[in-house]
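These notes are about the structure you will find just below.
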Amino acid sequence: MAKIFALLHTESDGSLPKAARETLAAAVNLAAQTGGALTVGVLGAGAAAAADAVAGCGAAAFITVGDHAVAHPRYATDAAAATALVQAAGAEIVLAPNTSRFARCLPGAAHRVGAQIDTHIVAVGGEGGAVHAQRWFYRQRILGSFSRTARPWMLLVDGGVCPAWQGPAGTANAQEVPVAFTAEDQRTTVKGVQAPAADAQTIRPDAVLLFVAGAGWTKKQKDGQAHIGDAGVLIQGFLRSAKASLGSSKSLVDIQSEGQETLSFMSHMNQVGQTGSTPRHAKGLATCCHGEEPHAVGWRFINERRAVNLDPNCGWAQGKADVVYVADAFEVITKVNALLNA
Amino acid sequence: MTNGFQIVVCGSLVPDPLQTLEPVTTPQGPGLKNETMLPSVLDPWAAHALFEAANLAKQIAGSKVWLVSLGPKAKLQQLMMTVAQKAPFELVAIDGSASGFTDAHGVAAALADAIGAIPGLDKSRLLLFGGCASASRDASVTLQLVGERLGIRDQFVGVDEIKVQADGSFSILERIEGGQYLSSTCQAAPAVLAWATGNLPEPPNNPQIGMANMRGVMPALQKAKPAAVGVGGIAYEKTEIPAQKRQTRIVKDATADEIAREIVEWIRS
Ligand SMILES: Cc1cc2nc3c(=O)[nH]c(=O)nc-3n(C[C@H](O)[C@H](O)[C@H](O)COP(=O)(O)OP(=O)(O)OC[C@H]3O[C@@H](n4cnc5c(N)ncnc54)[C@H](O)[C@@H]3O)c2cc1C
């Protein structure tokens with residue numbers, strides 16, 4: 001019987017992130033498919049209470065590391081805690097959310113427990129002792145299905161691939177696993193999270209719509225002039241009205257690092273694509289963006305796609321978008337904003 | 001900070017992202033159609049790491065940059081024609097597959113061995129740089145595994161900024177969820193920094209730097225040890241490009257009003 005371990009972490013306020021509940025659902029399914037025994041481990045501030053919050057998931061045991069040393073994400077202490085949890089669980093298959101916290105520390109923990117690790121898992125399933133997984137290679141270009149026979153095997157599951165586990169809270173009677181953190185583990189001090197100012201908060205992972213702005217917004221328009229100020233007003237107005245998340249092409253944010261005048265509320269953090277993010281949204285609207293392949297690979301997980309571009313032969317028109325409006329985005333977004341605000 | 005940093009950048013080649021990639025099956029496991037013929041570039045996030053390393057080394061006297069690359073020797077040689085003009089570094093080459101289907105665990109072992117064998121490397125001054133993920137395997141685990149093998153316990157992933165203080169401590173910004181940064185300080189090297197894009201533009205080609213680098217590049221390529229990296233413990237069942245081409249509807253000759261109405265309807269649906 002496979003020993004399946006769902007390894008989760010809390011946020012600094014003690015809650016479980018959505019990605020953790022999604023991974024828990026994947027682990028519950030996998031335990032059912034393989035007839036395996038499920039253990040849940042939680043690491044971070046308020047770990048024991050978080051274990052109680054998922055007490056009804058059917059796990060045979062709950063273990064935690066809630067020590068002050070793991071109150072904030074830090075590689076050395078997180079890796080030590082995760083190592084202790086995986087060992088205490090005697091885990092063979094470890095499922096964990098592919099959050100920034102675990103993406104940082106779990107490869108190291110895998111090394112310490114002699115495990116193999118795969119990340120960005122988009123599907124996992126099994127029967128008997130066998131477990132199979134899927135992930136993308138070459139930045140969302142090639143989908144690979146694979147398995148490993150080595151145990152332990154850690155799989156970091158991407159956010160948004162499983163519905164989040166929902167069920168009754170209860171009393172998990174979680175066992176706290178002692179970890180001997182050393183001074184060496186605490187050479188790094190976490191200062192905190194730098195969030196963009198409220199009015200500059202443009203990246204909204206939970207938004208239904210992704211709005212991508214391309215370099216065209218900064219280019220000379222039909223009157224021979226660039227209209228960067230107008231572009232900024234239109235884009236910010238749209239984001240407010242449509243409650244959309246803002247993505248960018250590389251060219252647009254590169255203009256900024258090259259020191260030219262551009263849109264001040266954009267940074268490389270907004271960049272979508274090969275060297276940017278691959279966000280998950282139900283809809284995406286690309287404006288003044290050509291839709292070249294290194295950009296479009298970042299749209300792998302955007303379901304419905306539309307684009308506004310002056311060029312009828314732009315990349316989006318080559319089977320990458322459902323609809324391409326051949327039009328001036330300045331004019332179209334002005335009208336869209338008016339309708340949204342009407 | 002008296003002696004400067006020893007900055008080792010791990011970075012290899014990947015197919016030019018403008019190329020079409022098609023999976024094929026080879027006796028060694030999955031590969032790409034015409035893989036040996038595909039034009040390559042330095043892995044983009046690793047390239048950012050290299051530019052940041054060069055910038056840091058320029059600011060802090062006594063620092064030095066190495067570029068450790070695992071890839072087919074002949075392709076590495078081609079790649080160096082362009083990369084060597086970007087930033088001063090000493091190349092450490094390892095001859096082996098740069099395929100995205102190779103197992104990160106084997107790659108990390110080969111990289112750690114090569115780094116451990118760099119003469120005069122002083123771990124107390126070591127900053128291990130690389131990309132936060134490759135454009136090939138895209139796993140974001142290799143650098144952490146190399147760090148563990150080298151006994152480095154301060155690691156940062158998705159880094160956009162390092163600021164070094166006079167005493168050798170440094171502050172770091174790492175990308176986390178929702179467009180936010182995690183801000184940390186670390187007492188001193190050694191540390192692993194897996195870079196996102198950082199904040200520097202790509203440096204222009206500098207033929208003088210290129211000439212200086214090339215003196216070391218050819219001997220490094222000649223000395224390149226073979227590494228038997230492959231699919232390792234991964235049993236591939238299938239590699240495919242799922243059909244994703246859409247029947248694009250192209251709307252020409254509609255007024256901005258008509259288009260706006262349609263877009264708003266779609267957003268609200
Ligand atoms: C190694 C590597 C990595 C890369 N990584 C990324 C990445 O992560 N993300 C990414 O985006 N790119 C990436 N690229 C770059 C990519 O190849 C393209 O160069 C980039 O996406 C182009 O950006 P763009 O479409 O905004 O700009 P452009 O190609 O300049 O296109 C501007 C578009 O705006 C349109 N336009 C102009 N004015 C208007 C108007 N008034 N109304 C409507 N349309 C208008 C034009 O018709 C044009 O199509 C990468 C490239 C390489 C080599």
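We label chains A, B, ... in the order they appear in the structure tokens, count residues from 1 in each chain, and number ligands from 1 in the order shown.
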
Go through segment 49-114 of chain B residue by residue and, counting only C-alpha atoms, keep those with an atom at most 6 Å from segment 124-142 of chain B; for each kept residue give the shortest atom pair and its distance in Å to one decimal, ordered by chain and increasing number, as a tab-separated table.
```
residue	atom	partner	partner_atom	distance
B:Ala49	CA	B:Gly130	CA	5.4
B:Gly100	CA	B:Arg137	CA	4.0
B:Ala104	CA	B:Thr142	CA	5.5
B:Ala108	CA	B:Thr142	CA	5.4
```

**Q.** Within 8 Å of ligand 1 (only C-alpha atoms and all ligand atoms), residues as an NGL selection string
**A.** (:A and (213-222 or 248-252 or 271-277 or 287-296 or 298 or 308-311 or 314-315 or 326-331)) or (:B and (16-18 or 41-44))

(Q) Could you work out which residues of chain B fall inside 7 Å of chain A? Count only C-alpha atoms, and format the result as a ChimeraX atom specification. (A) /B:17-18,44-45,100,135-139,141,144-145,148,153-157,176-187,199-201,233-241,245-252,256-257,259-260,264

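When only C-alpha atoms are used to measure the gap to Ala87 of chain B, the shortest distance among B:Leu111, B:Ile152, B:Val9, B:Val192 belongs to B:Val9.
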
Q) Which residues, written as number ranges by chain, have at least one atom at most 12 Å from Ala130 of chain A, with only C-alpha atoms counted and residues fewer than 6 positions away on the same chain left out? A) A: 1-4, 30-31, 33-36, 92-93, 124, 146-151, 153; B: 235

Please produce a file of the residues just selected, as a PDB file, in the first residue's frame, where the atoms kept are N, CA and C atoms.
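File produced: result_22.pdb:
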```pdb
ATOM      1  N   MET A   1       0.846  -1.197   0.000  1.00  0.00           N
ATOM      2  CA  MET A   1       0.000   0.000   0.000  1.00  0.00           C
ATOM      3  C   MET A   1       0.884   1.251   0.000  1.00  0.00           C
ATOM      4  N   ALA A   2       0.716   2.095  -1.028  1.00  0.00           N
ATOM      5  CA  ALA A   2       1.576   3.277  -1.163  1.00  0.00           C
ATOM      6  C   ALA A   2       1.333   4.253  -0.013  1.00  0.00           C
ATOM      7  N   LYS A   3       2.420   4.811   0.471  1.00  0.00           N
ATOM      8  CA  LYS A   3       2.282   5.833   1.522  1.00  0.00           C
ATOM      9  C   LYS A   3       2.303   7.191   0.848  1.00  0.00           C
ATOM     10  N   ILE A   4       1.138   7.805   0.814  1.00  0.00           N
ATOM     11  CA  ILE A   4       0.994   9.087   0.121  1.00  0.00           C
ATOM     12  C   ILE A   4       0.984  10.204   1.147  1.00  0.00           C
ATOM     13  N   LEU A  30      -5.557  10.487  -5.326  1.00  0.00           N
ATOM     14  CA  LEU A  30      -4.498   9.509  -5.608  1.00  0.00           C
ATOM     15  C   LEU A  30      -4.543   8.366  -4.593  1.00  0.00           C
ATOM     16  N   ALA A  31      -4.804   8.703  -3.342  1.00  0.00           N
ATOM     17  CA  ALA A  31      -4.890   7.652  -2.323  1.00  0.00           C
ATOM     18  C   ALA A  31      -6.036   6.700  -2.664  1.00  0.00           C
ATOM     19  N   GLN A  33      -7.278   6.111  -5.712  1.00  0.00           N
ATOM     20  CA  GLN A  33      -6.944   5.351  -6.926  1.00  0.00           C
ATOM     21  C   GLN A  33      -5.959   4.219  -6.644  1.00  0.00           C
ATOM     22  N   THR A  34      -4.990   4.484  -5.762  1.00  0.00           N
ATOM     23  CA  THR A  34      -3.927   3.506  -5.539  1.00  0.00           C
ATOM     24  C   THR A  34      -4.203   2.627  -4.326  1.00  0.00           C
ATOM     25  N   GLY A  35      -5.262   2.922  -3.598  1.00  0.00           N
ATOM     26  CA  GLY A  35      -5.500   2.199  -2.345  1.00  0.00           C
ATOM     27  C   GLY A  35      -4.440   2.533  -1.312  1.00  0.00           C
ATOM     28  N   GLY A  36      -3.854   3.714  -1.460  1.00  0.00           N
ATOM     29  CA  GLY A  36      -2.755   4.102  -0.569  1.00  0.00           C
ATOM     30  C   GLY A  36      -3.248   4.713   0.727  1.00  0.00           C
ATOM     31  N   GLU A  92       6.279   7.784   0.535  1.00  0.00           N
ATOM     32  CA  GLU A  92       6.767   7.251  -0.743  1.00  0.00           C
ATOM     33  C   GLU A  92       6.433   8.208  -1.880  1.00  0.00           C
ATOM     34  N   ILE A  93       5.195   8.676  -1.879  1.00  0.00           N
ATOM     35  CA  ILE A  93       4.775   9.681  -2.864  1.00  0.00           C
ATOM     36  C   ILE A  93       4.419  10.949  -2.093  1.00  0.00           C
ATOM     37  N   VAL A 124      -1.944  14.080 -12.209  1.00  0.00           N
ATOM     38  CA  VAL A 124      -1.321  12.947 -11.510  1.00  0.00           C
ATOM     39  C   VAL A 124      -2.407  11.915 -11.258  1.00  0.00           C
ATOM     40  N   PHE A 146       4.735  10.724 -17.848  1.00  0.00           N
ATOM     41  CA  PHE A 146       5.876   9.948 -17.370  1.00  0.00           C
ATOM     42  C   PHE A 146       5.602   9.382 -15.991  1.00  0.00           C
ATOM     43  N   SER A 147       6.504   8.495 -15.584  1.00  0.00           N
ATOM     44  CA  SER A 147       6.432   7.982 -14.220  1.00  0.00           C
ATOM     45  C   SER A 147       7.849   7.769 -13.714  1.00  0.00           C
ATOM     46  N   ARG A 148       7.960   7.492 -12.460  1.00  0.00           N
ATOM     47  CA  ARG A 148       9.242   7.110 -11.857  1.00  0.00           C
ATOM     48  C   ARG A 148       8.965   5.934 -10.934  1.00  0.00           C
ATOM     49  N   THR A 149       9.951   5.041 -10.845  1.00  0.00           N
ATOM     50  CA  THR A 149       9.780   3.934  -9.902  1.00  0.00           C
ATOM     51  C   THR A 149      10.483   4.222  -8.581  1.00  0.00           C
ATOM     52  N   ALA A 150      11.427   5.175  -8.596  1.00  0.00           N
ATOM     53  CA  ALA A 150      12.161   5.486  -7.367  1.00  0.00           C
ATOM     54  C   ALA A 150      11.202   6.085  -6.339  1.00  0.00           C
ATOM     55  N   ARG A 151      11.425   5.741  -5.094  1.00  0.00           N
ATOM     56  CA  ARG A 151      10.667   6.325  -3.987  1.00  0.00           C
ATOM     57  C   ARG A 151      11.682   6.763  -2.933  1.00  0.00           C
ATOM     58  N   TRP A 153       9.175   9.902  -4.137  1.00  0.00           N
ATOM     59  CA  TRP A 153       9.035  10.740  -5.331  1.00  0.00           C
ATOM     60  C   TRP A 153       8.174  11.932  -4.938  1.00  0.00           C
TER      61      TRP A 153
ATOM     62  N   ALA B 235      10.692   7.524 -16.553  1.00  0.00           N
ATOM     63  CA  ALA B 235      10.198   6.633 -17.613  1.00  0.00           C
ATOM     64  C   ALA B 235       9.157   7.421 -18.400  1.00  0.00           C
TER      65      ALA B 235
END
```

DSSP-assigned alpha helix (DSSP H) members of segment 116-210 of chain B, reported as a compact mmCIF listing (two decimals) with C-alpha atoms, in the first residue's frame:
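What ended up in part.txt:
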```txt
# COMPACT_ATOMS: atom_id res chain seq x y z
CA GLY B 116 33.69 21.61 -7.00
CA THR B 142 18.58 22.15 -10.72
CA LEU B 143 20.20 25.08 -8.97
CA GLN B 144 18.80 24.11 -5.56
CA LEU B 145 20.11 20.55 -6.05
CA VAL B 146 23.55 21.88 -7.03
CA GLY B 147 23.48 24.15 -3.97
CA GLU B 148 22.69 21.23 -1.68
CA ARG B 149 25.48 19.18 -3.18
CA PRO B 207 34.33 42.60 -29.25
CA GLN B 208 37.10 43.39 -26.75
CA ILE B 209 35.41 41.34 -24.05
CA GLY B 210 34.83 38.69 -26.69
```

Q | Atom pair atom CA of Leu234 of chain A / atom CA of Leu210 of chain A: separation (Å) | A | 15.3 Å
